[in-house]
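Take a look at the structure set out below.
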Amino acid sequence: MKIVFLDAKTIGDDIDLSAYDKLGEVVKYDFSMPQEVNARAMDADVIVLNKVPINRETIGGAKSLKLVCVTA
């Protein structure tokens, strides 16, 4: 399973995200611009985000996507 954090820095520096590493491949981006989301989410099973706007244009190509987690 591939888990992609699209804007990990907005969650806070005091949060330990290392437990996610036990669940599969984890990719953490500090920040993502809306135009970067499509490529970054393309092969993700799970995306985790806080402030990045998502819609059909930004994640519509993510064919493996099963879960979107919003941390806000």
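Convention: chains lettered A, B, ... in structure tokens order; per-chain residue numbering from 1; ligands numbered from 1 as shown.
The shell of residues at most 7 Å from Asn38 in chain A, with only C-alpha atoms counted and near chain neighbours (fewer than 2 positions) removed, consists of A:Gln35, A:Glu36, A:Arg40, A:Ala41, A:Met42, A:Thr58, A:Ile59, A:Gly61.
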Restricting the output to N, CA and C atoms, write the selected residues as a PDB file, in the first residue's frame.
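Output file again12.pdb is given in full below:
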```pdb
ATOM      1  N   GLN A  35      -1.409  22.102  -8.648  1.00  0.00           N
ATOM      2  CA  GLN A  35      -0.971  21.533  -9.922  1.00  0.00           C
ATOM      3  C   GLN A  35      -0.020  20.345  -9.749  1.00  0.00           C
ATOM      4  N   GLU A  36       0.500  20.102  -8.541  1.00  0.00           N
ATOM      5  CA  GLU A  36       1.390  18.968  -8.276  1.00  0.00           C
ATOM      6  C   GLU A  36       0.628  17.736  -7.779  1.00  0.00           C
ATOM      7  N   ARG A  40       1.488  13.503  -7.850  1.00  0.00           N
ATOM      8  CA  ARG A  40       1.882  12.938  -6.565  1.00  0.00           C
ATOM      9  C   ARG A  40       0.897  11.883  -6.068  1.00  0.00           C
ATOM     10  N   ALA A  41      -0.363  12.005  -6.441  1.00  0.00           N
ATOM     11  CA  ALA A  41      -1.393  11.057  -5.991  1.00  0.00           C
ATOM     12  C   ALA A  41      -1.639   9.942  -6.999  1.00  0.00           C
ATOM     13  N   MET A  42      -1.016  10.002  -8.139  1.00  0.00           N
ATOM     14  CA  MET A  42      -1.307   9.097  -9.255  1.00  0.00           C
ATOM     15  C   MET A  42      -1.327   7.622  -8.867  1.00  0.00           C
ATOM     16  N   THR A  58      -7.683  17.188  -9.667  1.00  0.00           N
ATOM     17  CA  THR A  58      -6.407  16.932  -8.989  1.00  0.00           C
ATOM     18  C   THR A  58      -6.204  15.474  -8.621  1.00  0.00           C
ATOM     19  N   ILE A  59      -7.256  14.713  -8.363  1.00  0.00           N
ATOM     20  CA  ILE A  59      -7.077  13.300  -7.990  1.00  0.00           C
ATOM     21  C   ILE A  59      -7.842  12.336  -8.892  1.00  0.00           C
ATOM     22  N   GLY A  61      -7.134  11.107 -11.678  1.00  0.00           N
ATOM     23  CA  GLY A  61      -6.286  10.108 -12.325  1.00  0.00           C
ATOM     24  C   GLY A  61      -5.728   9.062 -11.385  1.00  0.00           C
TER      25      GLY A  61
END
```
*Could you name the residues that touch Val46 in chain A at 9 Å or less, counting only C-alpha atoms, but leaving out those on the same chain fewer than 2 positions away, as an NGL selection string?*
:A and (1-5 or 41 or 44 or 48 or 64-69)
Output for the residues just chosen: N, CA and C atoms as a PDB file, in the first residue's frame:
```pdb
ATOM      1  N   MET A   1       0.841  -1.167   0.000  1.00  0.00           N
ATOM      2  CA  MET A   1       0.000   0.000   0.000  1.00  0.00           C
ATOM      3  C   MET A   1       0.893   1.240   0.000  1.00  0.00           C
ATOM      4  N   LYS A   2       0.509   2.228  -0.795  1.00  0.00           N
ATOM      5  CA  LYS A   2       1.270   3.476  -0.851  1.00  0.00           C
ATOM      6  C   LYS A   2       0.443   4.585  -0.223  1.00  0.00           C
ATOM      7  N   ILE A   3       1.033   5.248   0.769  1.00  0.00           N
ATOM      8  CA  ILE A   3       0.399   6.341   1.494  1.00  0.00           C
ATOM      9  C   ILE A   3       1.165   7.615   1.165  1.00  0.00           C
ATOM     10  N   VAL A   4       0.447   8.633   0.705  1.00  0.00           N
ATOM     11  CA  VAL A   4       1.086   9.888   0.320  1.00  0.00           C
ATOM     12  C   VAL A   4       0.538  11.020   1.182  1.00  0.00           C
ATOM     13  N   PHE A   5       1.423  11.673   1.904  1.00  0.00           N
ATOM     14  CA  PHE A   5       1.098  12.893   2.652  1.00  0.00           C
ATOM     15  C   PHE A   5       1.373  14.066   1.722  1.00  0.00           C
ATOM     16  N   ALA A  41      -0.363  12.005  -6.441  1.00  0.00           N
ATOM     17  CA  ALA A  41      -1.393  11.057  -5.991  1.00  0.00           C
ATOM     18  C   ALA A  41      -1.639   9.942  -6.999  1.00  0.00           C
ATOM     19  N   ALA A  44      -1.105   6.425  -5.607  1.00  0.00           N
ATOM     20  CA  ALA A  44      -1.354   6.296  -4.160  1.00  0.00           C
ATOM     21  C   ALA A  44      -2.605   5.467  -3.898  1.00  0.00           C
ATOM     22  N   VAL A  48      -3.166  11.625   2.401  1.00  0.00           N
ATOM     23  CA  VAL A  48      -3.436  12.332   3.649  1.00  0.00           C
ATOM     24  C   VAL A  48      -3.122  13.793   3.383  1.00  0.00           C
ATOM     25  N   SER A  64      -5.750   3.900  -8.185  1.00  0.00           N
ATOM     26  CA  SER A  64      -5.617   2.982  -7.042  1.00  0.00           C
ATOM     27  C   SER A  64      -6.140   3.582  -5.749  1.00  0.00           C
ATOM     28  N   LEU A  65      -6.575   4.825  -5.776  1.00  0.00           N
ATOM     29  CA  LEU A  65      -6.964   5.532  -4.571  1.00  0.00           C
ATOM     30  C   LEU A  65      -8.179   4.887  -3.890  1.00  0.00           C
ATOM     31  N   LYS A  66      -8.009   4.572  -2.605  1.00  0.00           N
ATOM     32  CA  LYS A  66      -9.060   3.933  -1.824  1.00  0.00           C
ATOM     33  C   LYS A  66      -9.550   4.801  -0.669  1.00  0.00           C
ATOM     34  N   LEU A  67      -8.694   5.731  -0.224  1.00  0.00           N
ATOM     35  CA  LEU A  67      -9.022   6.500   0.971  1.00  0.00           C
ATOM     36  C   LEU A  67      -8.366   7.878   0.896  1.00  0.00           C
ATOM     37  N   VAL A  68      -9.138   8.891   1.260  1.00  0.00           N
ATOM     38  CA  VAL A  68      -8.631  10.249   1.406  1.00  0.00           C
ATOM     39  C   VAL A  68      -8.846  10.649   2.864  1.00  0.00           C
ATOM     40  N   CYS A  69      -7.757  10.977   3.544  1.00  0.00           N
ATOM     41  CA  CYS A  69      -7.824  11.374   4.955  1.00  0.00           C
ATOM     42  C   CYS A  69      -7.518  12.864   5.067  1.00  0.00           C
TER      43      CYS A  69
END
```
*asked:* Using DSSP assignments from the backbone, pull out every residue in chain A that falls under strand (DSSP E or B) and give it to me as number ranges by chain.
replied: A: 2-5, 25-28, 46-49, 67-70
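Shortest separation to Asn50 in chain A among A:Val37, A:Leu6, A:Ala62, A:Val26 occurs at residue A:Leu6, atoms counted being only C-alpha atoms.
Straight-line separation from CA of Gly24 in chain A to CA of Ala39 in chain A: 19.2 Å.
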